[in-house]
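Coordinates as given in structure.json (JSON, C-alpha atoms):
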[["chain", "number", "residue", "atom", "x", "y", "z"],
["A", 964, "MET", "CA", -105.81, -137.64, 36.69],
["A", 965, "GLU", "CA", -102.12, -137.53, 35.80],
["A", 966, "ALA", "CA", -103.08, -139.05, 32.44],
["A", 967, "ARG", "CA", -105.59, -136.26, 31.82],
["A", 968, "ASN", "CA", -103.01, -133.59, 32.67],
["A", 969, "ALA", "CA", -100.48, -135.29, 30.40],
["A", 970, "ARG", "CA", -102.97, -135.23, 27.52],
["A", 971, "GLU", "CA", -103.63, -131.51, 28.08],
["A", 972, "ARG", "CA", -99.91, -130.75, 28.21],
["A", 973, "GLU", "CA", -99.26, -132.70, 25.02],
["A", 974, "HIS", "CA", -102.19, -131.06, 23.22],
["A", 975, "PHE", "CA", -101.07, -127.51, 23.97],
["A", 976, "ASP", "CA", -97.39, -128.24, 23.41],
["A", 977, "LYS", "CA", -98.30, -129.46, 19.92],
["A", 978, "LEU", "CA", -100.35, -126.34, 19.20],
["A", 979, "ALA", "CA", -97.45, -124.19, 20.39],
["A", 980, "ASP", "CA", -95.16, -125.92, 17.91],
["A", 981, "ALA", "CA", -97.69, -125.86, 15.07],
["A", 982, "THR", "CA", -99.23, -122.40, 15.35],
["A", 983, "GLY", "CA", -97.85, -120.60, 18.40],
["A", 984, "ALA", "CA", -101.45, -120.33, 19.64],
["A", 985, "VAL", "CA", -103.84, -122.26, 21.87],
["A", 986, "TRP", "CA", -106.78, -122.33, 19.45],
["A", 987, "TRP", "CA", -107.46, -121.33, 15.86],
["A", 988, "GLY", "CA", -110.25, -118.97, 16.98],
["A", 989, "SER", "CA", -107.80, -116.66, 18.73],
["A", 990, "GLU", "CA", -105.86, -116.00, 15.52],
["A", 991, "THR", "CA", -108.55, -114.53, 13.28],
["A", 992, "LYS", "CA", -109.48, -110.85, 13.19],
["A", 993, "ALA", "CA", -112.90, -111.68, 14.67],
["A", 994, "GLY", "CA", -111.18, -113.78, 17.33],
["A", 995, "GLN", "CA", -108.97, -110.84, 18.24],
["A", 996, "ALA", "CA", -112.03, -108.57, 18.49],
["A", 997, "ARG", "CA", -113.65, -111.09, 20.83],
["A", 998, "LEU", "CA", -110.55, -111.16, 23.03],
["A", 999, "ASP", "CA", -110.43, -107.35, 23.17],
["A", 1000, "GLU", "CA", -114.03, -107.23, 24.39],
["A", 1001, "ARG", "CA", -113.47, -110.03, 26.89],
["A", 1002, "GLY", "CA", -110.41, -108.34, 28.31],
["A", 1003, "ALA", "CA", -112.41, -105.18, 29.00],
["A", 1004, "ILE", "CA", -115.25, -107.20, 30.55],
["A", 1005, "THR", "CA", -112.77, -109.04, 32.79],
["A", 1006, "ILE", "CA", -111.13, -105.83, 34.01],
["A", 1007, "ARG", "CA", -114.57, -104.52, 34.99],
["A", 1008, "HIS", "CA", -116.05, -107.59, 36.68],
["A", 1009, "ALA", "CA", -112.85, -108.73, 38.44],
["A", 1010, "ASP", "CA", -112.06, -105.12, 39.43],
["A", 1011, "LEU", "CA", -108.51, -105.31, 38.11],
["A", 1012, "LYS", "CA", -106.36, -102.29, 38.99],
["A", 1013, "PRO", "CA", -102.98, -101.38, 40.49],
["A", 1014, "GLY", "CA", -102.45, -102.94, 43.88],
["A", 1015, "ARG", "CA", -104.49, -106.05, 43.18],
["A", 1016, "VAL", "CA", -102.84, -109.47, 42.79],
["A", 1017, "VAL", "CA", -104.43, -111.73, 40.18],
["A", 1018, "LEU", "CA", -104.08, -115.40, 39.28],
["A", 1019, "GLU", "CA", -104.67, -116.53, 35.70],
["A", 1020, "PRO", "CA", -104.76, -120.34, 35.59],
["A", 1021, "GLY", "CA", -104.44, -121.80, 32.11],
["A", 1022, "ALA", "CA", -102.72, -118.65, 30.84],
["A", 1023, "GLY", "CA", -101.61, -120.33, 27.61],
["A", 1024, "ASN", "CA", -99.47, -118.18, 25.36],
["A", 1025, "GLY", "CA", -100.47, -114.93, 27.08],
["A", 1026, "GLU", "CA", -102.95, -113.89, 24.40],
["A", 1027, "PHE", "CA", -105.67, -113.10, 26.95],
["A", 1028, "THR", "CA", -103.20, -111.82, 29.55],
["A", 1029, "LEU", "CA", -102.20, -109.09, 27.11],
["A", 1030, "ARG", "CA", -105.77, -107.77, 27.25],
["A", 1031, "PHE", "CA", -105.89, -107.15, 31.00],
["A", 1032, "ALA", "CA", -102.20, -106.56, 31.82],
["A", 1033, "PRO", "CA", -102.64, -102.83, 31.09],
["A", 1034, "SER", "CA", -104.97, -102.66, 34.13],
["A", 1035, "GLY", "CA", -101.85, -102.35, 36.28],
["A", 1036, "ALA", "CA", -102.74, -105.33, 38.47],
["A", 1037, "THR", "CA", -99.98, -107.78, 39.39],
["A", 1038, "ILE", "CA", -100.69, -110.90, 37.35],
["A", 1039, "VAL", "CA", -99.39, -114.41, 37.94],
["A", 1040, "GLY", "CA", -100.15, -116.86, 35.15],
["A", 1041, "VAL", "CA", -99.98, -120.64, 35.56],
["A", 1042, "GLU", "CA", -99.91, -122.89, 32.49],
["A", 1043, "ILE", "CA", -99.45, -126.65, 32.15],
["A", 1044, "SER", "CA", -97.70, -126.48, 28.73],
["A", 1045, "PRO", "CA", -94.01, -125.45, 28.97],
["A", 1046, "LYS", "CA", -93.97, -124.51, 25.29],
["A", 1047, "GLN", "CA", -96.93, -122.16, 25.70],
["A", 1048, "VAL", "CA", -95.17, -120.59, 28.70],
["A", 1049, "GLU", "CA", -92.09, -119.88, 26.57],
["A", 1050, "ILE", "CA", -94.26, -117.97, 24.09],
["A", 1051, "ALA", "CA", -96.14, -116.12, 26.84],
["A", 1052, "ARG", "CA", -92.96, -114.91, 28.53],
["A", 1053, "ARG", "CA", -91.70, -113.38, 25.29],
["A", 1054, "ARG", "CA", -95.02, -111.69, 24.56],
["A", 1055, "LEU", "CA", -95.43, -110.27, 28.08],
["A", 1056, "ALA", "CA", -91.87, -109.02, 28.55],
["A", 1057, "GLN", "CA", -93.13, -105.43, 28.31],
["A", 1058, "PHE", "CA", -95.21, -105.87, 31.48],
["A", 1059, "PRO", "CA", -92.87, -106.21, 34.50],
["A", 1060, "HIS", "CA", -95.84, -106.77, 36.83],
["A", 1061, "THR", "CA", -96.81, -109.93, 34.91],
["A", 1062, "SER", "CA", -95.23, -113.38, 35.24],
["A", 1063, "ILE", "CA", -96.07, -116.79, 33.74],
["A", 1064, "GLU", "CA", -94.90, -120.08, 35.19],
["A", 1065, "VAL", "CA", -95.32, -123.76, 34.44],
["A", 1066, "GLY", "CA", -97.74, -125.27, 36.93],
["A", 1067, "ASP", "CA", -100.77, -127.43, 37.62],
["A", 1068, "VAL", "CA", -104.02, -125.82, 38.75],
["A", 1069, "ASP", "CA", -104.75, -128.93, 40.83],
["A", 1070, "HIS", "CA", -101.66, -128.19, 42.97],
["A", 1071, "LEU", "CA", -101.10, -124.43, 43.16],
["A", 1072, "ALA", "CA", -97.83, -123.37, 44.78],
["A", 1073, "PHE", "CA", -99.29, -120.33, 46.57],
["A", 1074, "PRO", "CA", -100.32, -119.69, 50.18],
["A", 1075, "ASP", "CA", -103.93, -119.56, 51.30],
["A", 1076, "SER", "CA", -105.90, -116.35, 50.63],
["A", 1077, "HIS", "CA", -103.16, -114.94, 48.38],
["A", 1078, "PHE", "CA", -105.05, -113.50, 45.38],
["A", 1079, "ASP", "CA", -107.58, -110.70, 45.06],
["A", 1080, "ALA", "CA", -109.00, -112.24, 41.88],
["A", 1081, "VAL", "CA", -108.77, -115.35, 39.70],
["A", 1082, "VAL", "CA", -109.59, -114.90, 36.02],
["A", 1083, "GLY", "CA", -109.40, -116.83, 32.77],
["A", 1084, "GLN", "CA", -110.55, -117.20, 29.20],
["A", 1085, "SER", "CA", -111.87, -120.61, 28.06],
["A", 1086, "VAL", "CA", -109.90, -122.63, 30.60],
["A", 1087, "LEU", "CA", -112.28, -123.92, 33.30],
["A", 1088, "HIS", "CA", -113.75, -126.36, 30.79],
["A", 1089, "HIS", "CA", -110.32, -127.99, 30.48],
["A", 1090, "PHE", "CA", -110.01, -128.61, 34.24],
["A", 1091, "ASP", "CA", -111.24, -131.37, 36.52],
["A", 1092, "LEU", "CA", -113.33, -128.97, 38.62],
["A", 1093, "GLU", "CA", -113.50, -131.36, 41.58],
["A", 1094, "ARG", "CA", -109.74, -130.92, 41.95],
["A", 1095, "SER", "CA", -109.11, -127.42, 40.60],
["A", 1096, "LEU", "CA", -111.92, -125.44, 42.25],
["A", 1097, "PRO", "CA", -110.88, -126.32, 45.84],
["A", 1098, "GLU", "CA", -107.37, -125.08, 45.02],
["A", 1099, "ILE", "CA", -108.68, -121.90, 43.40],
["A", 1100, "ARG", "CA", -110.93, -121.33, 46.40],
["A", 1101, "ARG", "CA", -107.99, -121.88, 48.76],
["A", 1102, "VAL", "CA", -105.73, -119.26, 47.17],
["A", 1103, "LEU", "CA", -108.51, -116.67, 46.67],
["A", 1104, "LYS", "CA", -108.98, -114.13, 49.45],
["A", 1105, "PRO", "CA", -112.33, -114.08, 51.28],
["A", 1106, "GLY", "CA", -114.52, -111.85, 49.15],
["A", 1107, "GLY", "CA", -112.07, -112.07, 46.25],
["A", 1108, "ARG", "CA", -113.52, -112.27, 42.76],
["A", 1109, "LEU", "CA", -113.56, -115.17, 40.32],
["A", 1110, "PHE", "CA", -114.35, -114.33, 36.70],
["A", 1111, "PHE", "CA", -114.10, -116.66, 33.70],
["A", 1112, "LEU", "CA", -115.41, -116.70, 30.14],
["A", 1113, "GLU", "CA", -116.33, -120.20, 29.02],
["A", 1114, "PRO", "CA", -118.16, -122.03, 26.17],
["A", 1115, "ASN", "CA", -121.94, -122.37, 26.51],
["A", 1116, "MET", "CA", -123.25, -125.91, 26.05],
["A", 1117, "LEU", "CA", -126.63, -124.57, 24.87],
["A", 1118, "ASN", "CA", -124.98, -123.11, 21.77],
["A", 1119, "PRO", "CA", -125.60, -125.59, 18.90],
["A", 1120, "GLN", "CA", -122.05, -125.55, 17.53],
["A", 1121, "ILE", "CA", -120.51, -125.87, 20.98],
["A", 1122, "ALA", "CA", -122.81, -128.78, 21.84],
["A", 1123, "ILE", "CA", -121.82, -130.63, 18.65],
["A", 1124, "GLU", "CA", -118.07, -130.15, 18.90],
["A", 1125, "LYS", "CA", -117.91, -131.00, 22.61],
["A", 1126, "ASN", "CA", -120.02, -134.17, 22.24],
["A", 1127, "VAL", "CA", -118.95, -135.43, 18.81],
["A", 1128, "LYS", "CA", -115.25, -135.98, 19.40],
["A", 1129, "PRO", "CA", -114.09, -136.31, 15.74],
["A", 1130, "ILE", "CA", -115.56, -132.88, 15.01],
["A", 1131, "GLY", "CA", -114.01, -131.49, 18.18],
["A", 1132, "ARG", "CA", -110.58, -132.78, 17.17],
["A", 1133, "ARG", "CA", -110.85, -131.03, 13.81],
["A", 1134, "LEU", "CA", -111.60, -127.79, 15.67],
["A", 1135, "GLN", "CA", -108.53, -128.23, 17.91],
["A", 1136, "ASN", "CA", -110.44, -129.37, 20.99],
["A", 1137, "SER", "CA", -108.35, -131.25, 23.54],
["A", 1138, "PRO", "CA", -109.42, -134.82, 24.40],
["A", 1139, "ASP", "CA", -111.02, -134.05, 27.78],
["A", 1140, "GLU", "CA", -112.50, -130.58, 27.42],
["A", 1141, "THR", "CA", -116.23, -129.90, 27.72],
["A", 1142, "ALA", "CA", -118.58, -126.90, 28.06],
["A", 1143, "PHE", "CA", -121.06, -125.68, 30.67],
["A", 1144, "PHE", "CA", -124.74, -125.05, 31.13],
["A", 1145, "ARG", "CA", -125.05, -121.81, 33.09],
["A", 1146, "TRP", "CA", -127.11, -123.31, 35.91],
["A", 1147, "GLN", "CA", -124.67, -126.24, 36.13],
["A", 1148, "ILE", "CA", -121.55, -124.14, 36.69],
["A", 1149, "VAL", "CA", -123.32, -121.92, 39.24],
["A", 1150, "ARG", "CA", -124.36, -125.00, 41.21],
["A", 1151, "ILE", "CA", -120.81, -126.38, 41.09],
["A", 1152, "LEU", "CA", -119.32, -123.10, 42.31],
["A", 1153, "HIS", "CA", -121.74, -122.92, 45.23],
["A", 1154, "ARG", "CA", -120.98, -126.54, 46.14],
["A", 1155, "HIS", "CA", -117.28, -125.68, 46.38],
["A", 1156, "GLY", "CA", -117.85, -122.79, 48.77],
["A", 1157, "PHE", "CA", -118.03, -119.81, 46.43],
["A", 1158, "HIS", "CA", -120.65, -117.11, 47.02],
["A", 1159, "ASN", "CA", -122.84, -114.80, 44.91],
["A", 1160, "ALA", "CA", -122.20, -116.92, 41.82],
["A", 1161, "TRP", "CA", -123.88, -116.18, 38.49],
["A", 1162, "ALA", "CA", -123.43, -117.15, 34.84],
["A", 1163, "ARG", "CA", -124.62, -114.99, 31.96],
["A", 1164, "PRO", "CA", -124.78, -116.07, 28.28],
["A", 1165, "PHE", "CA", -123.27, -113.63, 25.77],
["A", 1166, "ASP", "CA", -121.47, -113.24, 22.43],
["A", 1167, "PHE", "CA", -122.74, -114.16, 18.96],
["A", 1168, "LEU", "CA", -119.57, -113.03, 17.16],
["A", 1169, "HIS", "CA", -118.10, -116.24, 15.74],
["A", 1170, "PRO", "CA", -114.29, -116.24, 15.36],
["A", 1171, "GLY", "CA", -114.76, -117.36, 11.75],
["A", 1172, "THR", "CA", -116.74, -114.21, 10.83],
["A", 1173, "PRO", "CA", -115.36, -112.61, 7.63],
["A", 1174, "ASP", "CA", -113.40, -109.43, 8.35],
["A", 1175, "PHE", "CA", -115.77, -107.11, 6.50],
["A", 1176, "MET", "CA", -118.75, -108.36, 8.53],
["A", 1177, "ILE", "CA", -117.21, -107.97, 11.99],
["A", 1178, "PRO", "CA", -118.60, -104.49, 12.86],
["A", 1179, "ALA", "CA", -122.16, -105.44, 11.88],
["A", 1180, "VAL", "CA", -122.08, -108.87, 13.54],
["A", 1181, "HIS", "CA", -120.52, -107.38, 16.67],
["A", 1182, "ALA", "CA", -123.35, -104.84, 16.91],
["A", 1183, "ILE", "CA", -125.98, -107.54, 16.37],
["A", 1184, "SER", "CA", -124.22, -109.71, 18.97],
["A", 1185, "ARG", "CA", -124.67, -107.03, 21.64],
["A", 1186, "VAL", "CA", -128.40, -106.83, 20.90],
["A", 1187, "LEU", "CA", -128.89, -110.62, 20.89],
["A", 1188, "SER", "CA", -126.85, -110.98, 24.09],
["A", 1189, "ALA", "CA", -129.37, -108.69, 25.81],
["A", 1190, "THR", "CA", -132.46, -110.40, 24.35],
["A", 1191, "PRO", "CA", -134.25, -112.86, 26.68],
["A", 1192, "VAL", "CA", -134.51, -116.47, 25.47],
["A", 1193, "ILE", "CA", -132.33, -115.86, 22.39],
["A", 1194, "ARG", "CA", -129.30, -115.07, 24.51],
["A", 1195, "GLU", "CA", -129.48, -118.55, 26.05],
["A", 1196, "ILE", "CA", -127.85, -120.00, 22.91],
["A", 1197, "ALA", "CA", -125.00, -117.46, 22.81],
["A", 1198, "GLY", "CA", -121.54, -118.88, 22.27],
["A", 1199, "SER", "CA", -120.11, -118.13, 25.69],
["A", 1200, "LEU", "CA", -120.84, -117.62, 29.37],
["A", 1201, "GLN", "CA", -119.58, -114.92, 31.69],
["A", 1202, "ILE", "CA", -119.03, -116.68, 35.03],
["A", 1203, "TYR", "CA", -118.67, -114.76, 38.29],
["A", 1204, "ALA", "CA", -118.34, -115.75, 41.94],
["A", 1205, "GLU", "CA", -116.78, -114.52, 45.18],
["A", 1206, "GLY", "CA", -114.56, -116.35, 47.63]]

Kindly transcribe the structure held in the file into C-alpha cells.
Amino acid sequence: MEARNAREREHFDKLADATGAVWWGSETKAGQARLDERGAITIRHADLKPGRVVLEPGAGNGEFTLRFAPSGATIVGVEISPKQVEIARRRLAQFPHTSIEVGDVDHLAFPDSHFDAVVGQSVLHHFDLERSLPEIRRVLKPGGRLFFLEPNMLNPQIAIEKNVKPIGRRLQNSPDETAFFRWQIVRILHRHGFHNAWARPFDFLHPGTPDFMIPAVHAISRVLSATPVIREIAGSLQIYAEG
C-alpha cells in the first residue's frame, strides 16, 4: 500500500512540475466549464454553506476547491502531493476559511464525526477504497453527506484508458487509478456503512471539445444526461451517500 501511495505522490508531483495541474482535462476551456458545473452541483448536493465543515480528500492544486469555496463553508483539503499543495495554497489564499495540507486519506488526522460533508472531484478512483472509505466514514458526522464526481466505466473512452495502460499513461492517468460502474460504487459504499447511497451518470461534455462548440455540446449534454439508457454511457458519475 505504501508503494501505491508513493506512485500517486510521484505522479502528481511530476504533473505539478510539468503543468501546474493534476490532469490535462482541467486546463482546457471545456474542462473549466465542466468544473464550474460540478462545483455548483457539489454545493447543492453536499449542502455547502456557512457554518458547515467540509473535507476535500485529494484536493490537488485547488482547482475544484475554488469552485465551492465561495459557498462560505469551512473547507479542509488533504492532498498526498506536496507540490500540488504548494500550488493550492497560493491559489486559495483569498479564502481564509479554506486550508490545504499534505496528508494521506488512509490515515486522516481528524477526530471522529468531525465533518458535515466530504466532497471531491475525480479522486475516489485513485484511492484504495478498502482503506480510505473506513477513514472517510469515521470522520464524517452521522447523517453527514458524501458527494463525489468520478469517471464512469461504462463510457467507452473511460473503459479503454483505464484498462489499456499505455493509452492511460498518454492521457496522464496514474498507474493505479480505475473507474466505477454505478451499481458497483453504491454496493461498496453500503458495505462500508454509508446510507442512502446512489450514483447517477451525467456529462457528455468532453474536455477536448473545441471552444466554439462548448455551448451547443453543453446543452446537448444536459439532454443526454436526462435520457434513459443513453445516459448510462455518460463520462462521469455523481456519487452520493450519507454517514

(request) Identify, on the basis of only C-alpha atoms, every residue whose closest approach to Leu1103 (chain A) does not exceed 8 Å; exclude the query and any residue fewer than 5 positions from it along the same chain; express the result as an MDAnalysis selection string. (result) chainID A and resid 1075:1081 1108 1206

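Across the structure, CA of His1169 (chain A) and CA of Glu1113 (chain A) are spaced 14.0 Å apart.
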
(request) Point out the residue among A:Gly1198, A:Gly1002, A:Gly988, A:Gly1066 with the least atom-to-atom distance to Ala1032 (chain A), counting only C-alpha atoms. (result) A:Gly1002

(message) Report, in Å with one decimal, the straight-line distance from CA of Thr1037 (chain A) to CA of Arg1015 (chain A).
(response) 6.1 Å

Box for region 1188-1192 of chain A - axis-aligned, 3 Å on each of the six sides, all listed atoms - centre and size in Å to one decimal, as JSON.
{"center_x": -130.7, "center_y": -112.6, "center_z": 25.4, "size_x": 13.7, "size_y": 13.8, "size_z": 8.6}

(message) Need the shell around region 1053-1057 of chain A: protein/DNA/RNA residues with any atom at most 10 Å away, counting only C-alpha atoms. Skip same-chain ones fewer than 6 positions apart. Format as an MDAnalysis selection string?
(response) chainID A and resid 1024:1026 1028:1029 1032 1063

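Counting all atoms listed in the file, the residue from A:Ser1034, A:Asn1118, A:Thr1061, A:Gln1201 that sits nearest to Ile1006 (chain A) is A:Ser1034.
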
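Distances here use all atoms listed in the file; by that measure, the residue among A:Ile1196, A:Val1102, A:Val1039, A:Val1086 closest to Arg1052 (chain A) is A:Val1039.
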
(request) Compare A:Glu1195, A:Glu990, A:Asp1010, A:Glu973 by their minimum atom-to-atom distance to Thr1172 (chain A), counting only C-alpha atoms, and give me the closest one. (result) A:Glu990

(message) I need the residue nearest Val1016 (chain A) from this list: A:His1158, A:His1060, A:Arg1163, A:His1088. Use only C-alpha atoms for the distance.
(response) A:His1060

(message) Just the number, please: distance in Å from CA of Gly1023 (chain A) to CA of Glu1042 (chain A), one decimal.
(response) 5.8 Å

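For the choices A:Ser1137, A:Ile1202, A:Gly1171, A:Gly1106, the atom-to-atom distance to Thr991 (chain A) is smallest for A:Gly1171 when using all atoms listed in the file.
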
(message) Would you pick out the contacts of Ala1204 (chain A) at 9 Å or less, using only C-alpha atoms, so that residues sharing its chain but fewer than 5 positions from it are not included, and give the list as a ChimeraX atom specification?
(response) /A:1107-1110,1149,1152-1153,1157-1162

(message) At a cut-off of 10 Å, using only C-alpha atoms, what residues contact Glu1098 (chain A)? Leave out same-chain residues fewer than 2 positions from it and give the result as a VMD selection string.
(response) chain A and resid 1068 to 1073 1075 1092 to 1096 1100 to 1103

Grab region 1085-1110 of chain A from that structure and dump N, CA, C and O atoms to a file, as a PDB file, in the first residue's frame.
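Written file, result.pdb:
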ATOM      1  N   SER A1085     -13.109  13.554  -9.043  1.00  0.00           N
ATOM      2  CA  SER A1085     -12.218  12.577  -9.688  1.00  0.00           C
ATOM      3  C   SER A1085     -11.051  12.170  -8.795  1.00  0.00           C
ATOM      4  O   SER A1085      -9.884  12.210  -9.201  1.00  0.00           O
ATOM      5  N   VAL A1086     -11.381  11.770  -7.561  1.00  0.00           N
ATOM      6  CA  VAL A1086     -10.332  11.334  -6.636  1.00  0.00           C
ATOM      7  C   VAL A1086     -10.580   9.944  -6.049  1.00  0.00           C
ATOM      8  O   VAL A1086      -9.615   9.205  -5.786  1.00  0.00           O
ATOM      9  N   LEU A1087     -11.828   9.559  -5.821  1.00  0.00           N
ATOM     10  CA  LEU A1087     -12.094   8.234  -5.248  1.00  0.00           C
ATOM     11  C   LEU A1087     -11.444   7.129  -6.069  1.00  0.00           C
ATOM     12  O   LEU A1087     -10.986   6.128  -5.524  1.00  0.00           O
ATOM     13  N   HIS A1088     -11.418   7.305  -7.387  1.00  0.00           N
ATOM     14  CA  HIS A1088     -10.882   6.243  -8.246  1.00  0.00           C
ATOM     15  C   HIS A1088      -9.361   6.129  -8.171  1.00  0.00           C
ATOM     16  O   HIS A1088      -8.777   5.229  -8.768  1.00  0.00           O
ATOM     17  N   HIS A1089      -8.729   7.041  -7.414  1.00  0.00           N
ATOM     18  CA  HIS A1089      -7.295   6.926  -7.141  1.00  0.00           C
ATOM     19  C   HIS A1089      -7.021   6.210  -5.819  1.00  0.00           C
ATOM     20  O   HIS A1089      -5.882   5.827  -5.551  1.00  0.00           O
ATOM     21  N   PHE A1090      -8.034   6.051  -4.978  1.00  0.00           N
ATOM     22  CA  PHE A1090      -7.848   5.517  -3.628  1.00  0.00           C
ATOM     23  C   PHE A1090      -8.020   3.999  -3.586  1.00  0.00           C
ATOM     24  O   PHE A1090      -8.735   3.421  -4.402  1.00  0.00           O
ATOM     25  N   ASP A1091      -7.417   3.384  -2.577  1.00  0.00           N
ATOM     26  CA  ASP A1091      -7.752   2.017  -2.197  1.00  0.00           C
ATOM     27  C   ASP A1091      -8.969   2.139  -1.284  1.00  0.00           C
ATOM     28  O   ASP A1091      -8.851   2.482  -0.106  1.00  0.00           O
ATOM     29  N   LEU A1092     -10.152   1.874  -1.808  1.00  0.00           N
ATOM     30  CA  LEU A1092     -11.388   2.146  -1.077  1.00  0.00           C
ATOM     31  C   LEU A1092     -11.519   1.307   0.192  1.00  0.00           C
ATOM     32  O   LEU A1092     -12.205   1.730   1.131  1.00  0.00           O
ATOM     33  N   GLU A1093     -10.877   0.145   0.227  1.00  0.00           N
ATOM     34  CA  GLU A1093     -10.951  -0.679   1.431  1.00  0.00           C
ATOM     35  C   GLU A1093     -10.234  -0.023   2.607  1.00  0.00           C
ATOM     36  O   GLU A1093     -10.519  -0.335   3.765  1.00  0.00           O
ATOM     37  N   ARG A1094      -9.339   0.889   2.315  1.00  0.00           N
ATOM     38  CA  ARG A1094      -8.620   1.609   3.373  1.00  0.00           C
ATOM     39  C   ARG A1094      -9.154   3.026   3.561  1.00  0.00           C
ATOM     40  O   ARG A1094      -9.241   3.513   4.687  1.00  0.00           O
ATOM     41  N   SER A1095      -9.511   3.687   2.462  1.00  0.00           N
ATOM     42  CA  SER A1095      -9.910   5.094   2.559  1.00  0.00           C
ATOM     43  C   SER A1095     -11.355   5.287   3.027  1.00  0.00           C
ATOM     44  O   SER A1095     -11.642   6.206   3.808  1.00  0.00           O
ATOM     45  N   LEU A1096     -12.269   4.436   2.572  1.00  0.00           N
ATOM     46  CA  LEU A1096     -13.675   4.642   2.947  1.00  0.00           C
ATOM     47  C   LEU A1096     -13.925   4.485   4.449  1.00  0.00           C
ATOM     48  O   LEU A1096     -14.712   5.259   5.016  1.00  0.00           O
ATOM     49  N   PRO A1097     -13.298   3.515   5.144  1.00  0.00           N
ATOM     50  CA  PRO A1097     -13.485   3.479   6.598  1.00  0.00           C
ATOM     51  C   PRO A1097     -13.024   4.756   7.290  1.00  0.00           C
ATOM     52  O   PRO A1097     -13.649   5.213   8.256  1.00  0.00           O
ATOM     53  N   GLU A1098     -11.934   5.358   6.809  1.00  0.00           N
ATOM     54  CA  GLU A1098     -11.461   6.608   7.387  1.00  0.00           C
ATOM     55  C   GLU A1098     -12.423   7.759   7.087  1.00  0.00           C
ATOM     56  O   GLU A1098     -12.717   8.586   7.958  1.00  0.00           O
ATOM     57  N   ILE A1099     -12.902   7.825   5.847  1.00  0.00           N
ATOM     58  CA  ILE A1099     -13.871   8.866   5.496  1.00  0.00           C
ATOM     59  C   ILE A1099     -15.141   8.705   6.325  1.00  0.00           C
ATOM     60  O   ILE A1099     -15.701   9.686   6.837  1.00  0.00           O
ATOM     61  N   ARG A1100     -15.591   7.476   6.473  1.00  0.00           N
ATOM     62  CA  ARG A1100     -16.781   7.208   7.288  1.00  0.00           C
ATOM     63  C   ARG A1100     -16.551   7.613   8.741  1.00  0.00           C
ATOM     64  O   ARG A1100     -17.448   8.161   9.398  1.00  0.00           O
ATOM     65  N   ARG A1101     -15.369   7.369   9.250  1.00  0.00           N
ATOM     66  CA  ARG A1101     -15.048   7.696  10.647  1.00  0.00           C
ATOM     67  C   ARG A1101     -15.134   9.188  10.920  1.00  0.00           C
ATOM     68  O   ARG A1101     -15.675   9.611  11.951  1.00  0.00           O
ATOM     69  N   VAL A1102     -14.601  10.010  10.003  1.00  0.00           N
ATOM     70  CA  VAL A1102     -14.539  11.456  10.263  1.00  0.00           C
ATOM     71  C   VAL A1102     -15.815  12.184   9.854  1.00  0.00           C
ATOM     72  O   VAL A1102     -15.980  13.369  10.163  1.00  0.00           O
ATOM     73  N   LEU A1103     -16.723  11.496   9.162  1.00  0.00           N
ATOM     74  CA  LEU A1103     -17.987  12.112   8.739  1.00  0.00           C
ATOM     75  C   LEU A1103     -19.019  11.983   9.851  1.00  0.00           C
ATOM     76  O   LEU A1103     -19.188  10.916  10.436  1.00  0.00           O
ATOM     77  N   LYS A1104     -19.724  13.070  10.130  1.00  0.00           N
ATOM     78  CA  LYS A1104     -20.758  13.051  11.160  1.00  0.00           C
ATOM     79  C   LYS A1104     -21.892  12.106  10.770  1.00  0.00           C
ATOM     80  O   LYS A1104     -22.166  11.918   9.582  1.00  0.00           O
ATOM     81  N   PRO A1105     -22.573  11.506  11.733  1.00  0.00           N
ATOM     82  CA  PRO A1105     -23.776  10.732  11.407  1.00  0.00           C
ATOM     83  C   PRO A1105     -24.768  11.604  10.633  1.00  0.00           C
ATOM     84  O   PRO A1105     -25.087  12.720  11.053  1.00  0.00           O
ATOM     85  N   GLY A1106     -25.201  11.120   9.496  1.00  0.00           N
ATOM     86  CA  GLY A1106     -26.085  11.904   8.645  1.00  0.00           C
ATOM     87  C   GLY A1106     -25.372  12.898   7.751  1.00  0.00           C
ATOM     88  O   GLY A1106     -25.996  13.564   6.917  1.00  0.00           O
ATOM     89  N   GLY A1107     -24.038  13.023   7.911  1.00  0.00           N
ATOM     90  CA  GLY A1107     -23.270  13.909   7.044  1.00  0.00           C
ATOM     91  C   GLY A1107     -23.270  13.409   5.616  1.00  0.00           C
ATOM     92  O   GLY A1107     -23.510  12.230   5.348  1.00  0.00           O
ATOM     93  N   ARG A1108     -22.982  14.298   4.682  1.00  0.00           N
ATOM     94  CA  ARG A1108     -23.113  13.977   3.265  1.00  0.00           C
ATOM     95  C   ARG A1108     -21.766  13.719   2.593  1.00  0.00           C
ATOM     96  O   ARG A1108     -20.802  14.456   2.793  1.00  0.00           O
ATOM     97  N   LEU A1109     -21.727  12.682   1.793  1.00  0.00           N
ATOM     98  CA  LEU A1109     -20.595  12.379   0.921  1.00  0.00           C
ATOM     99  C   LEU A1109     -21.036  12.648  -0.502  1.00  0.00           C
ATOM    100  O   LEU A1109     -22.113  12.204  -0.922  1.00  0.00           O
ATOM    101  N   PHE A1110     -20.229  13.401  -1.256  1.00  0.00           N
ATOM    102  CA  PHE A1110     -20.561  13.657  -2.660  1.00  0.00           C
ATOM    103  C   PHE A1110     -19.286  13.757  -3.479  1.00  0.00           C
ATOM    104  O   PHE A1110     -18.422  14.597  -3.228  1.00  0.00           O
TER     105      PHE A1110
END
